[in-house]
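Containing CSV, C-alpha atoms: model.csv.
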chain,number,residue,atom,x,y,z
A,1,MET,CA,-28.8,-97.8,54.1
A,2,ALA,CA,-31.2,-94.9,54.6
A,3,THR,CA,-28.8,-93.6,57.4
A,4,GLN,CA,-25.8,-93.6,55.0
A,5,HIS,CA,-27.8,-91.5,52.4
A,6,LYS,CA,-28.6,-89.0,55.2
A,7,LEU,CA,-24.9,-88.8,56.1
A,8,ILE,CA,-23.9,-88.2,52.5
A,9,LEU,CA,-26.6,-85.5,52.2
A,10,ILE,CA,-25.3,-83.8,55.3
A,11,ILE,CA,-21.6,-84.1,54.5
A,12,VAL,CA,-21.7,-82.9,50.9
A,13,PRO,CA,-23.3,-79.5,51.6
A,14,THR,CA,-21.0,-79.0,54.6
A,15,THR,CA,-17.9,-79.9,52.5
A,16,PHE,CA,-19.1,-77.6,49.7
A,17,SER,CA,-19.6,-74.7,52.1
A,18,LEU,CA,-16.1,-75.3,53.6
A,19,LEU,CA,-14.6,-75.2,50.1
A,20,LEU,CA,-16.4,-71.9,49.3
A,21,LEU,CA,-15.1,-70.4,52.5
A,22,ILE,CA,-11.5,-71.4,51.7
A,23,LEU,CA,-11.8,-70.1,48.1
A,24,PHE,CA,-13.2,-66.8,49.5
A,25,PHE,CA,-10.3,-66.5,51.9
A,26,ILE,CA,-7.7,-67.1,49.2
A,27,ILE,CA,-9.3,-64.4,47.0
A,28,PHE,CA,-9.4,-62.0,49.9
A,29,LEU,CA,-5.6,-62.6,50.6
A,30,ARG,CA,-4.7,-62.1,46.9
A,31,ARG,CA,-6.7,-58.9,46.6
A,32,ASN,CA,-5.1,-57.4,49.7
A,33,ARG,CA,-1.5,-58.6,48.9
A,34,PRO,CA,0.9,-55.7,48.5
A,35,LYS,CA,1.8,-54.8,44.9
A,36,LYS,CA,5.3,-55.8,43.9
A,37,ASN,CA,7.8,-52.9,44.3
A,38,GLU,CA,5.1,-50.5,45.6
A,39,PRO,CA,6.8,-48.0,47.8
A,40,ALA,CA,3.8,-47.5,50.0
A,41,GLN,CA,3.9,-51.2,50.9
A,42,MET,CA,7.6,-51.5,51.6
A,43,GLU,CA,7.7,-49.7,55.0
A,44,ALA,CA,5.9,-50.5,58.2
A,45,GLY,CA,3.8,-47.5,59.1
A,46,PHE,CA,3.4,-46.4,55.5
A,47,GLU,CA,0.4,-48.4,54.3
A,48,SER,CA,-2.3,-48.1,51.7
A,49,ARG,CA,-5.2,-45.9,52.6
A,50,HIS,CA,-8.3,-47.3,54.3
A,51,VAL,CA,-11.9,-46.1,53.9
A,52,GLY,CA,-12.2,-42.9,55.8
A,53,ASP,CA,-8.5,-42.1,55.9
A,54,ALA,CA,-8.5,-39.7,53.0
A,55,GLU,CA,-9.8,-36.8,55.2
A,56,ASN,CA,-6.7,-37.1,57.3
A,57,GLU,CA,-4.3,-36.9,54.3
A,58,GLU,CA,-2.4,-33.9,53.2
A,59,LEU,CA,-0.7,-33.4,49.8
A,60,ILE,CA,1.2,-30.1,49.5
A,61,LYS,CA,2.4,-29.4,45.9
A,62,PHE,CA,5.1,-27.0,44.8
A,63,GLN,CA,6.5,-25.7,41.6
A,64,CYS,CA,6.8,-28.5,39.0
A,65,GLY,CA,4.6,-30.8,41.1
A,66,GLU,CA,1.2,-29.1,40.6
A,67,ASP,CA,-0.2,-32.0,38.5
A,68,LEU,CA,0.6,-34.7,41.1
A,69,THR,CA,-2.1,-36.6,42.9
A,70,VAL,CA,-2.1,-38.8,46.0
A,71,HIS,CA,-2.8,-41.8,43.7
A,72,ASP,CA,0.2,-40.9,41.5
A,73,ILE,CA,2.5,-41.0,44.5
A,74,LEU,CA,1.1,-44.0,46.5
A,75,ASP,CA,0.5,-46.2,43.5
A,76,ALA,CA,4.0,-45.6,41.9
A,77,PRO,CA,6.0,-48.8,41.4
A,78,GLY,CA,9.5,-48.3,42.7
A,79,GLU,CA,12.7,-49.7,43.9
A,80,VAL,CA,14.8,-49.0,47.0
A,81,ILE,CA,17.9,-47.0,46.2
A,82,GLY,CA,19.0,-45.9,49.7
A,83,LYS,CA,18.3,-46.6,53.4
A,84,SER,CA,19.1,-44.8,56.6
A,85,SER,CA,18.0,-45.0,60.2
A,86,TYR,CA,15.3,-42.4,59.7
A,87,GLY,CA,14.0,-43.3,56.2
A,88,THR,CA,14.1,-44.9,52.8
A,89,LEU,CA,14.7,-43.6,49.3
A,90,TYR,CA,12.8,-45.0,46.3
A,91,ARG,CA,13.3,-44.5,42.6
A,92,ALA,CA,9.7,-44.5,41.5
A,93,SER,CA,7.8,-44.3,38.2
A,94,LEU,CA,4.8,-42.0,38.1
A,95,ILE,CA,2.8,-43.7,35.4
A,96,ARG,CA,0.1,-41.2,34.6
A,97,VAL,CA,2.5,-38.2,34.2
A,98,ASN,CA,5.3,-40.4,32.7
A,99,SER,CA,8.0,-39.2,35.1
A,100,VAL,CA,10.7,-40.8,37.3
A,101,VAL,CA,11.1,-39.3,40.7
A,102,VAL,CA,12.8,-39.9,44.1
A,103,LEU,CA,10.4,-40.6,46.9
A,104,ARG,CA,11.9,-40.0,50.4
A,105,PHE,CA,9.9,-41.8,53.1
A,106,LEU,CA,10.5,-40.5,56.6
A,107,ARG,CA,9.6,-42.9,59.4
A,108,PRO,CA,6.9,-41.4,61.6
A,109,ALA,CA,8.9,-42.3,64.8
A,110,CYS,CA,11.9,-40.3,63.6
A,111,THR,CA,10.3,-37.0,62.8
A,112,GLY,CA,8.6,-34.2,64.6
A,113,GLY,CA,4.9,-33.6,64.8
A,114,MET,CA,3.0,-33.2,61.6
A,115,ASN,CA,2.1,-29.5,62.2
A,116,GLU,CA,5.8,-28.6,62.8
A,117,VAL,CA,7.0,-30.6,59.8
A,118,VAL,CA,4.4,-29.1,57.5
A,119,ARG,CA,5.5,-25.6,58.6
A,120,LEU,CA,9.2,-26.5,57.7
A,121,ILE,CA,8.1,-28.2,54.5
A,122,GLN,CA,6.5,-25.0,53.3
A,123,VAL,CA,9.8,-23.3,53.6
A,124,LEU,CA,11.9,-26.0,52.0
A,125,GLY,CA,9.4,-26.4,49.2
A,126,SER,CA,9.6,-22.7,48.3
A,127,ILE,CA,13.4,-22.8,47.7
A,128,ARG,CA,14.4,-22.7,44.1
A,129,HIS,CA,17.9,-22.4,42.7
A,130,ASP,CA,19.7,-23.8,39.7
A,131,ASN,CA,22.1,-25.8,41.9
A,132,LEU,CA,19.6,-27.1,44.4
A,133,VAL,CA,17.4,-30.2,44.1
A,134,PRO,CA,13.8,-28.9,44.4
A,135,LEU,CA,11.0,-30.4,46.5
A,136,LYS,CA,8.1,-31.1,44.2
A,137,ALA,CA,5.5,-32.3,46.7
A,138,PHE,CA,5.0,-33.5,50.2
A,139,TYR,CA,2.5,-36.2,51.3
A,140,GLY,CA,1.4,-36.5,54.9
A,141,GLY,CA,-0.5,-39.7,55.7
A,142,PRO,CA,-3.2,-40.5,58.3
A,143,ARG,CA,-0.7,-42.4,60.5
A,144,GLY,CA,2.0,-39.8,60.5
A,145,GLU,CA,3.7,-41.0,57.3
A,146,LYS,CA,5.8,-38.3,55.6
A,147,LEU,CA,6.8,-38.6,51.9
A,148,LEU,CA,8.9,-36.1,50.0
A,149,VAL,CA,9.0,-36.0,46.2
A,150,HIS,CA,12.1,-34.9,44.4
A,151,PRO,CA,13.4,-35.1,40.7
A,152,PHE,CA,15.5,-38.1,39.9
A,153,PHE,CA,19.0,-37.6,38.4
A,154,GLY,CA,20.1,-40.6,36.4
A,155,CYS,CA,23.8,-39.7,36.3
A,156,GLY,CA,24.3,-40.5,40.0
A,157,ASN,CA,26.0,-38.7,42.8
A,158,LEU,CA,29.4,-37.0,43.2
A,159,ALA,CA,30.8,-39.8,45.3
A,160,GLN,CA,30.2,-42.2,42.4
A,161,PHE,CA,31.6,-39.7,39.9
A,162,THR,CA,34.9,-39.1,41.7
A,163,ARG,CA,35.5,-42.9,42.1
A,164,ASP,CA,34.5,-44.1,38.6
A,165,GLU,CA,37.9,-43.5,37.0
A,166,ASN,CA,36.5,-42.7,33.6
A,167,GLY,CA,38.9,-39.7,33.2
A,168,ASN,CA,36.4,-36.9,33.3
A,169,SER,CA,36.6,-36.8,37.1
A,170,HIS,CA,40.2,-35.6,36.7
A,171,ARG,CA,39.5,-32.9,34.1
A,172,TRP,CA,40.2,-29.5,35.7
A,173,ASP,CA,37.4,-27.7,33.8
A,174,ILE,CA,34.8,-30.2,35.1
A,175,ILE,CA,36.2,-30.1,38.7
A,176,SER,CA,36.0,-26.3,38.6
A,177,LYS,CA,32.5,-26.3,37.2
A,178,ILE,CA,31.2,-28.7,39.8
A,179,SER,CA,32.9,-26.9,42.7
A,180,ILE,CA,31.5,-23.5,41.7
A,181,GLY,CA,28.0,-25.0,41.3
A,182,ILE,CA,28.0,-26.6,44.7
A,183,ALA,CA,29.2,-23.3,46.3
A,184,ARG,CA,26.5,-21.4,44.5
A,185,GLY,CA,23.8,-23.7,45.8
A,186,LEU,CA,25.2,-23.5,49.4
A,187,ASP,CA,25.5,-19.7,49.0
A,188,HIS,CA,21.8,-19.5,48.2
A,189,LEU,CA,20.9,-21.5,51.3
A,190,HIS,CA,23.2,-19.4,53.6
A,191,THR,CA,22.6,-15.9,52.1
A,192,GLY,CA,19.8,-15.9,49.5
A,193,LEU,CA,16.8,-16.6,51.7
A,194,GLN,CA,14.9,-14.5,54.3
A,195,LYS,CA,16.3,-16.8,56.9
A,196,PRO,CA,19.4,-18.9,56.3
A,197,ILE,CA,19.0,-22.7,55.9
A,198,ILE,CA,21.8,-24.8,57.3
A,199,HIS,CA,22.3,-27.9,55.1
A,200,GLY,CA,23.4,-30.1,58.0
A,201,ASN,CA,24.4,-33.1,56.0
A,202,LEU,CA,26.6,-31.9,53.1
A,203,LYS,CA,28.5,-34.8,51.6
A,204,SER,CA,29.4,-36.1,48.1
A,205,LYS,CA,26.5,-38.7,48.2
A,206,ASN,CA,24.1,-35.8,48.6
A,207,LEU,CA,25.3,-34.0,45.5
A,208,PHE,CA,23.9,-35.1,42.1
A,209,LEU,CA,25.0,-34.5,38.5
A,210,ASP,CA,23.2,-34.2,35.2
A,211,TRP,CA,24.7,-35.2,31.8
A,212,ASN,CA,26.5,-31.9,31.6
A,213,TYR,CA,28.2,-32.3,35.0
A,214,HIS,CA,25.9,-29.6,36.4
A,215,PRO,CA,25.7,-30.2,40.2
A,216,TYR,CA,22.6,-30.2,42.4
A,217,VAL,CA,22.7,-30.0,46.2
A,218,SER,CA,20.3,-32.4,47.8
A,219,ASP,CA,19.1,-33.1,51.4
A,220,PHE,CA,19.3,-29.6,52.6
A,221,GLY,CA,17.4,-29.0,55.8
A,222,ILE,CA,16.3,-32.6,56.3
A,223,HIS,CA,17.8,-32.6,59.8
A,224,LEU,CA,15.2,-30.0,60.7
A,225,LEU,CA,12.4,-32.5,60.1
A,226,LEU,CA,13.9,-35.1,62.4
A,227,ASN,CA,13.5,-35.5,66.2
A,228,PRO,CA,16.7,-35.0,68.3
A,229,THR,CA,17.5,-38.7,68.4
A,230,SER,CA,17.3,-39.2,64.7
A,231,GLY,CA,19.2,-36.0,64.0
A,232,GLN,CA,22.0,-37.2,66.2
A,233,GLU,CA,22.1,-40.5,64.3
A,234,MET,CA,22.4,-38.6,61.1
A,235,LEU,CA,25.4,-36.7,62.6
A,236,GLU,CA,27.1,-39.9,63.7
A,237,VAL,CA,26.8,-41.3,60.2
A,238,SER,CA,28.3,-38.0,58.8
A,239,ALA,CA,31.2,-38.3,61.3
A,240,SER,CA,31.9,-41.9,60.3
A,241,GLN,CA,32.1,-40.8,56.6
A,242,GLY,CA,34.5,-38.0,57.3
A,243,TYR,CA,32.3,-34.9,56.9
A,244,LYS,CA,31.7,-33.7,60.5
A,245,ALA,CA,33.3,-30.5,61.7
A,246,PRO,CA,35.4,-31.2,64.9
A,247,GLU,CA,33.4,-28.8,67.0
A,248,LEU,CA,30.0,-30.2,66.1
A,249,ILE,CA,28.7,-32.4,69.0
A,250,LYS,CA,24.9,-32.1,68.6
A,251,MET,CA,23.1,-31.9,65.2
A,252,ARG,CA,21.0,-29.0,66.6
A,253,ASP,CA,24.2,-27.0,66.7
A,254,ALA,CA,24.9,-27.3,63.0
A,255,SER,CA,25.9,-23.9,61.5
A,256,GLU,CA,27.1,-22.2,58.4
A,257,GLU,CA,30.7,-22.9,59.6
A,258,THR,CA,30.0,-26.6,59.9
A,259,ASP,CA,28.6,-26.6,56.4
A,260,ILE,CA,31.8,-24.9,55.2
A,261,TYR,CA,33.9,-27.6,56.8
A,262,SER,CA,31.9,-30.3,54.9
A,263,LEU,CA,32.3,-28.3,51.7
A,264,GLY,CA,36.1,-28.3,52.2
A,265,VAL,CA,36.2,-32.1,52.5
A,266,ILE,CA,34.2,-32.3,49.3
A,267,LEU,CA,36.7,-30.0,47.5
A,268,LEU,CA,39.5,-32.2,48.6
A,269,GLU,CA,37.7,-35.3,47.3
A,270,LEU,CA,37.3,-33.6,43.9
A,271,LEU,CA,41.0,-32.6,43.8
A,272,THR,CA,42.6,-35.8,45.0
A,273,GLY,CA,40.0,-38.4,43.9
A,274,LYS,CA,40.3,-39.9,47.4
A,275,GLU,CA,37.6,-40.7,49.9
A,276,PRO,CA,37.3,-38.7,53.1
A,277,ILE,CA,38.1,-41.8,55.1
A,278,ASN,CA,40.8,-44.2,54.1
A,279,GLU,CA,39.6,-47.5,55.5
A,280,ASN,CA,42.8,-49.4,54.9
A,281,PRO,CA,45.7,-47.0,55.8
A,282,THR,CA,49.2,-48.2,56.1
A,283,PRO,CA,51.0,-47.6,59.5
A,284,ASP,CA,52.5,-44.4,58.0
A,285,GLU,CA,49.2,-43.1,56.5
A,286,GLU,CA,46.5,-40.9,58.1
A,287,PHE,CA,43.1,-42.3,57.6
A,288,TYR,CA,41.3,-38.9,57.5
A,289,LEU,CA,41.7,-37.0,54.3
A,290,PRO,CA,42.3,-33.4,55.6
A,291,ASN,CA,44.9,-34.7,58.1
A,292,ALA,CA,46.6,-36.6,55.3
A,293,MET,CA,46.8,-33.5,53.3
A,294,ARG,CA,48.3,-31.5,56.2
A,295,ASN,CA,51.0,-34.1,56.6
A,296,ALA,CA,51.7,-34.0,52.8
A,297,ILE,CA,52.3,-30.2,53.1
A,298,LEU,CA,54.6,-30.6,56.1
A,299,GLU,CA,56.6,-33.3,54.4
A,300,HIS,CA,56.7,-31.3,51.1
A,301,ARG,CA,54.9,-34.0,49.2
A,302,ILE,CA,53.2,-31.6,46.8
A,303,THR,CA,52.2,-34.2,44.2
A,304,ASP,CA,50.0,-35.9,46.9
A,305,LEU,CA,47.8,-32.8,47.0
A,306,TYR,CA,46.0,-33.6,43.7
A,307,HIS,CA,45.4,-36.3,41.3
A,308,PRO,CA,48.3,-36.5,38.8
A,309,ASP,CA,46.0,-36.7,35.7
A,310,ILE,CA,44.6,-33.1,36.4
A,311,LEU,CA,47.7,-31.5,34.9
A,312,LEU,CA,47.4,-33.7,31.8
A,313,GLY,CA,44.0,-32.3,30.8
A,314,GLN,CA,43.0,-29.2,28.9
A,315,GLY,CA,40.2,-26.9,29.7
A,316,ILE,CA,37.1,-26.4,27.5
A,317,ASP,CA,38.8,-23.4,25.9
A,318,GLN,CA,42.1,-25.2,25.5
A,319,ILE,CA,43.7,-23.1,28.2
A,320,PRO,CA,46.6,-25.0,29.8
A,321,ILE,CA,46.2,-26.1,33.4
A,322,ILE,CA,48.9,-24.6,35.6
A,323,GLU,CA,49.9,-25.9,39.0
A,324,GLU,CA,49.3,-22.6,40.6
A,325,GLN,CA,45.5,-22.8,40.0
A,326,ILE,CA,45.5,-26.3,41.6
A,327,LEU,CA,47.5,-25.2,44.6
A,328,ASN,CA,45.2,-22.2,45.1
A,329,PHE,CA,42.2,-24.5,45.0
A,330,PHE,CA,43.9,-26.8,47.5
A,331,GLN,CA,44.6,-23.9,49.9
A,332,LEU,CA,41.0,-22.8,49.8
A,333,ALA,CA,39.8,-26.4,50.5
A,334,MET,CA,42.2,-26.6,53.5
A,335,ALA,CA,41.0,-23.2,54.8
A,336,CYS,CA,37.5,-24.6,54.8
A,337,CYS,CA,38.7,-27.6,56.8
A,338,SER,CA,40.3,-25.4,59.4
A,339,PRO,CA,39.8,-26.9,62.9
A,340,SER,CA,38.8,-23.4,64.1
A,341,PRO,CA,35.3,-22.3,62.9
A,342,SER,CA,36.4,-18.6,63.0
A,343,LEU,CA,39.2,-19.2,60.6
A,344,ARG,CA,37.0,-20.8,57.9
A,345,PRO,CA,36.0,-18.5,55.0
A,346,HIS,CA,32.4,-17.3,54.5
A,347,ILE,CA,30.6,-18.9,51.6
A,348,LYS,CA,30.7,-15.7,49.7
A,349,GLN,CA,34.5,-15.8,50.0
A,350,VAL,CA,34.6,-19.4,48.9
A,351,LEU,CA,32.5,-18.8,45.9
A,352,GLY,CA,34.4,-15.7,44.8
A,353,LYS,CA,37.7,-17.5,45.2
A,354,LEU,CA,36.5,-20.5,43.2
A,355,GLU,CA,35.3,-18.3,40.4
A,356,GLU,CA,38.6,-16.5,40.4
A,357,ILE,CA,40.6,-19.7,40.3
A,358,GLY,CA,38.4,-21.1,37.5
A,359,LYS,CA,39.0,-18.3,35.1
Could you take the file, read its structure, and then write that structure out as structure tokens?
Amino acid sequence: MATQHKLILIIVPTTFSLLLLILFFIIFLRRNRPKKNEPAQMEAGFESRHVGDAENEELIKFQCGEDLTVHDILDAPGEVIGKSSYGTLYRASLIRVNSVVVLRFLRPACTGGMNEVVRLIQVLGSIRHDNLVPLKAFYGGPRGEKLLVHPFFGCGNLAQFTRDENGNSHRWDIISKISIGIARGLDHLHTGLQKPIIHGNLKSKNLFLDWNYHPYVSDFGIHLLLNPTSGQEMLEVSASQGYKAPELIKMRDASEETDIYSLGVILLELLTGKEPINENPTPDEEFYLPNAMRNAILEHRITDLYHPDILLGQGIDQIPIIEEQILNFFQLAMACCSPSPSLRPHIKQVLGKLEEIGK
């Protein structure tokens, strides 16, 4: 009987200690569990800071991002709105400053070294134009994480707009306004800086609109931050979506002329309401939009060159839309899509012509 009491006395403290250990372990796991929808926890390689890491962090702030802190960015609850082979886009809420932004996480393995990236970020962050999406801040983490902070545009991108069939995408005044704005943004990149910036990935998904259909060009120069392998993957995606100039083989060879080609495809999207790639063509149809438009010209199918609803609309000043304006717009878009880079117009010529047509 005495032996049983001794066993009980031994077992009870041991069991109690084991329960305490399990309870401590559960609390530890809960305290270290990633917060729901926290961008910093969604990607491998982009983790919360540990003690001693802060000295290796870098937060570079630009115009309209002066009040941001590392905590604002890393603790922002967010949701994934886009993914690519080289990074992830988040729509995030900055609680302290009551603002919604886009956080662009670039995977460390897909980018250049931090010193090189920071040098380029300083250039991209200094660019300001009424038709360009500005860079508000850049965060460089202790493990090579790179996070870019941009404004968020709730009206979506141009690809969504041209396919939503709400009627406004076929209004000539809006088409003209959007086209001119895109050209002005690209003109600033090509001619308005000390050294030209090649966009490198111009497409309708990288063009955003506000409530007044004012366009903003996004993603310019991102390819400069990527290593050659990731840059080439970006080019392959662009090709599969129908925006790659035929002569462009390597992303490092992107040029003003290849940007103009992509712009031409976008102008055709706006005019026709069609996607650059027809994924379900009939045996008699071309799957690539510029080629389909060339065939329409050769076969005198003029009505295929633009969406029929464009002629039904009226401009803001109630000026009737005439077919000559539309055909001039079409000719300019096709000139931009010329297979020969030397035959494509300069961005200044494109902008001047668009402004003339839009009068």
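With only C-alpha atoms as the atoms that count, the minimum distance from Gly167 (chain A) to the choices A:Pro276, A:Gly231, A:Gly154, A:Pro308 is reached by A:Pro308.
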When distances are computed from only C-alpha atoms, which of A:Glu57, A:Asp130, A:Asp253, A:Asp72 shows the smallest separation from His214 (chain A)?
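For His214 (chain A), the nearest of the candidates is A:Asp130.
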Residues within 12 Å of Glu279 (chain A), all atoms listed in the file, excluding chain neighbours under 4 positions, as a ChimeraX atom specification
/A:240-242,274-275,285-289
If we count only C-alpha atoms and set the cut-off at 6 Å, which residues sit around region 90-105 of chain A, ignoring sequence neighbours fewer than 2 positions away in its own chain? Please answer as a PDB file with C-alpha atoms, in the coordinates of the input.
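Result written to around.pdb:
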ATOM      1  CA  ASP A  72       0.200 -40.900  41.500  1.00  0.00           C
ATOM      2  CA  ALA A  76       4.000 -45.600  41.900  1.00  0.00           C
ATOM      3  CA  PRO A  77       6.000 -48.800  41.400  1.00  0.00           C
ATOM      4  CA  GLY A  78       9.500 -48.300  42.700  1.00  0.00           C
ATOM      5  CA  GLU A  79      12.700 -49.700  43.900  1.00  0.00           C
ATOM      6  CA  VAL A  80      14.800 -49.000  47.000  1.00  0.00           C
ATOM      7  CA  ILE A  81      17.900 -47.000  46.200  1.00  0.00           C
ATOM      8  CA  GLY A  87      14.000 -43.300  56.200  1.00  0.00           C
ATOM      9  CA  THR A  88      14.100 -44.900  52.800  1.00  0.00           C
ATOM     10  CA  LYS A 146       5.800 -38.300  55.600  1.00  0.00           C
ATOM     11  CA  LEU A 147       6.800 -38.600  51.900  1.00  0.00           C
ATOM     12  CA  LEU A 148       8.900 -36.100  50.000  1.00  0.00           C
ATOM     13  CA  VAL A 149       9.000 -36.000  46.200  1.00  0.00           C
ATOM     14  CA  HIS A 150      12.100 -34.900  44.400  1.00  0.00           C
ATOM     15  CA  PRO A 151      13.400 -35.100  40.700  1.00  0.00           C
ATOM     16  CA  PHE A 152      15.500 -38.100  39.900  1.00  0.00           C
TER      17      PHE A 152
END
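For the set A:Met293, A:Glu299, A:Leu271, A:Glu323, the residue with the smallest atom-to-atom gap to His170 (chain A) is A:Leu271, counting only C-alpha atoms.
Ranking A:Arg294, A:Arg252, A:Arg163, A:Arg344 by their shortest atom-to-atom distance to Leu270 (chain A), with all atoms listed in the file included, puts A:Arg163 first.
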Nearest to Leu267 (chain A), chosen from A:Phe329, A:Trp172, A:Phe220, A:Trp211, with all atoms listed in the file counted in the distances:
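Counting all atoms listed in the file, the residue closest to Leu267 (chain A) is A:Phe329.
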One-decimal distance in Å that lies between CA of Ser84 (chain A) and CA of Cys337 (chain A):
26.1 Å
Which of these, A:Lys348, A:Tyr213, A:Thr282, A:Gln63, has the shortest distance to Arg171 (chain A) once you count all atoms listed in the file?
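Closest candidate: A:Tyr213.
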Who sits within 7 Å of Ala254 (chain A), all atoms listed in the file, same chain under 4 positions skipped, as a list in words:
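Within the cut-off, the hits are Ile198, Gly200, Leu248 and Thr258 of chain A.
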Only C-alpha atoms, please: the residues just picked out, written as a compact mmCIF listing (two decimals), in the coordinates of the input.
# COMPACT_ATOMS: atom_id res chain seq x y z
CA ILE A 198 21.80 -24.80 57.30
CA GLY A 200 23.40 -30.10 58.00
CA LEU A 248 30.00 -30.20 66.10
CA THR A 258 30.00 -26.60 59.90
For the atom pair CA of Leu263 (chain A) and CA of Gly112 (chain A), what is the interatomic distance in Å to one decimal place?
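Separation between CA of Leu263 (chain A) and CA of Gly112 (chain A): 27.6 Å.
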Surrounding residues of Phe138 (chain A) excluding itself and chain neighbours under 4 positions, 12 Å, all atoms listed in the file, as a ChimeraX atom specification
/A:57-63,65-66,68-70,73-74,102-106,114,117-126,134,145-150
Using C-alpha atoms, can you write the selected residues to a file as a JSON list (two decimals), in the frame of the given file?
[["chain", "number", "residue", "atom", "x", "y", "z"],
["A", 57, "GLU", "CA", -4.30, -36.90, 54.30],
["A", 58, "GLU", "CA", -2.40, -33.90, 53.20],
["A", 59, "LEU", "CA", -0.70, -33.40, 49.80],
["A", 60, "ILE", "CA", 1.20, -30.10, 49.50],
["A", 61, "LYS", "CA", 2.40, -29.40, 45.90],
["A", 62, "PHE", "CA", 5.10, -27.00, 44.80],
["A", 63, "GLN", "CA", 6.50, -25.70, 41.60],
["A", 65, "GLY", "CA", 4.60, -30.80, 41.10],
["A", 66, "GLU", "CA", 1.20, -29.10, 40.60],
["A", 68, "LEU", "CA", 0.60, -34.70, 41.10],
["A", 69, "THR", "CA", -2.10, -36.60, 42.90],
["A", 70, "VAL", "CA", -2.10, -38.80, 46.00],
["A", 73, "ILE", "CA", 2.50, -41.00, 44.50],
["A", 74, "LEU", "CA", 1.10, -44.00, 46.50],
["A", 102, "VAL", "CA", 12.80, -39.90, 44.10],
["A", 103, "LEU", "CA", 10.40, -40.60, 46.90],
["A", 104, "ARG", "CA", 11.90, -40.00, 50.40],
["A", 105, "PHE", "CA", 9.90, -41.80, 53.10],
["A", 106, "LEU", "CA", 10.50, -40.50, 56.60],
["A", 114, "MET", "CA", 3.00, -33.20, 61.60],
["A", 117, "VAL", "CA", 7.00, -30.60, 59.80],
["A", 118, "VAL", "CA", 4.40, -29.10, 57.50],
["A", 119, "ARG", "CA", 5.50, -25.60, 58.60],
["A", 120, "LEU", "CA", 9.20, -26.50, 57.70],
["A", 121, "ILE", "CA", 8.10, -28.20, 54.50],
["A", 122, "GLN", "CA", 6.50, -25.00, 53.30],
["A", 123, "VAL", "CA", 9.80, -23.30, 53.60],
["A", 124, "LEU", "CA", 11.90, -26.00, 52.00],
["A", 125, "GLY", "CA", 9.40, -26.40, 49.20],
["A", 126, "SER", "CA", 9.60, -22.70, 48.30],
["A", 134, "PRO", "CA", 13.80, -28.90, 44.40],
["A", 145, "GLU", "CA", 3.70, -41.00, 57.30],
["A", 146, "LYS", "CA", 5.80, -38.30, 55.60],
["A", 147, "LEU", "CA", 6.80, -38.60, 51.90],
["A", 148, "LEU", "CA", 8.90, -36.10, 50.00],
["A", 149, "VAL", "CA", 9.00, -36.00, 46.20],
["A", 150, "HIS", "CA", 12.10, -34.90, 44.40]]
List every protein, DNA or RNA residue that has an atom no more than 6 Å from (37.9, -23.9, 49.6) in the file's coordinate frame, counting only C-alpha atoms, and report them as a CSV table (one decimal) with C-alpha atoms, in the frame of the given file.
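The resulting file, selection-v5.csv, is reproduced below:
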chain,number,residue,atom,x,y,z
A,264,GLY,CA,36.1,-28.3,52.2
A,332,LEU,CA,41.0,-22.8,49.8
A,333,ALA,CA,39.8,-26.4,50.5
A,336,CYS,CA,37.5,-24.6,54.8
A,350,VAL,CA,34.6,-19.4,48.9
